[in-house]
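Take a look at the structure set out below.
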Amino acid sequence: MAAASAPIPVTIAPVIILNAPQLAENIGAVARVMANFGLADLRLVNPRDGWPQERAWALASGAEWPLNDAKVFESVEAAIADLQLVFATTARPRELQLPILTPRAGAGELYEASARGVRTGLLFGGERAGLETADIALCQAVVTIPIDPKFRSLNLGQAVAINAYEWRTRVADAPPPVFREHSPTADGAAMLGLFEHLERELDAAGFFHPPDKRPSMVQNLRSALGKARFSQQEVRTMRGVVTALSKGRGRVLAKLAAKKAAEGGEP
């Protein structure tokens, strides 16, 4: 008799993160399409009118579970801290050199990552302003919906629906996920720790010059490092490299100071 095959692990669906959503009705519409396509984890970053909002439940048309369990955060960094792969959704061109994906290609990458146990998310901007460059720099790719340039306006609920639909098509018609031993992908908290560690040492070294260029230089560094999609072990290695370099600089400076003091003491 043939041996029984191993059970297929349950795929982890991506988290939906709404940054600074304005209208309760749109949050409710997002919950409704999340329920349509099997998504449940909703996170809100600084909703304009606070949370909870009764109008959101009214617009959800019975899809209450994403709203009931929605989590509120004060920053994008906090909202993605436990996630390992996050894609930003935006239609506007940005100066950051991140991979640009369609919702279909993005869903494919998210599915393959989640099949390996990676915790994933999709980040959406507010209705009026969208996402700031600093928020996009925290993500590993950009998902852009190929809409007609004659009319680029797209409702928040529609944007979530298109991406959620593409995710659902992968789940409904996908082969069993392939697993292998590997170091877990670094989450947002680990990456932020690396970013801040490196930036502190670069500040000490005087790298960020002139000072008014610091924000854009930081964003470019974060974007470049984020594209690498480090594992937890790789983050630890990189932080060790930064520490070694900073200590080495300290030893060099100490030697120079000692040499100067010795030279100053000569007759």
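Naming scheme: A, B, ... for chains in displayed order of the structure tokens; residues 1 onward per chain; ligands 1 onward as shown.
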
Please list as a ChimeraX atom specification every residue within 10 Å of segment 223-240 of chain A, counting only C-alpha atoms and excluding residues in the same chain fewer than 2 positions away.
/A:84-86,96-99,133-134,136-141,182-188,190-195,197-198,217-221,242-246

Taking the DSSP secondary structure from the backbone, can you list the residues of segment 1-241 of chain A that are helix (DSSP H, G or I), as an MDAnalysis selection string?
chainID A and resid 24:36 54:60 65:68 76:79 103:115 133:136 156:172 188:205 211:227 232:241

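Here the question is which of A:Asn163, A:Gly62, A:Thr169, A:Gly28 gets nearest to Thr89 of chain A using only C-alpha atoms, and that residue is A:Asn163.
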
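For the set A:Leu123, A:Ala258, A:Ala35, A:Ile100, the residue with the smallest atom-to-atom gap to Leu156 of chain A is A:Leu123, counting only C-alpha atoms.
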
Need to verify the contact set: Leu122 of chain A, 8 Å, only C-alpha atoms, exclusion of same-chain residues closer than 5 positions in sequence. Can you return it as a PyMOL selection string?
chain A and resi 14-17+86-89

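Using only C-alpha atoms, the nearest neighbour of Arg128 of chain A within the list A:Pro103, A:Pro21, A:Gly38, A:Pro215 is A:Pro21.
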
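Residue-level DSSP output for segment 127-175 of chain A, from the backbone, shows strand (DSSP E or B) at Gly130, Ala141, Val142 and Val143 of chain A.
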
Go ahead and dump the residues you just picked, C-alpha atoms, as a PDB file, in the first residue's frame.
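Dumped to part.pdb:
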```
ATOM      1  CA  GLY A 130      -1.742  57.883  -1.178  1.00  0.00           C
ATOM      2  CA  ALA A 141       8.247  46.060  -4.070  1.00  0.00           C
ATOM      3  CA  VAL A 142       5.547  48.295  -5.542  1.00  0.00           C
ATOM      4  CA  VAL A 143       2.283  46.940  -6.960  1.00  0.00           C
TER       5      VAL A 143
END
```

Kindly give the distance, in Å, that separates atom CA of Phe151 of chain A and atom CA of Leu39 of chain A, rounded to a single decimal.
28.3 Å
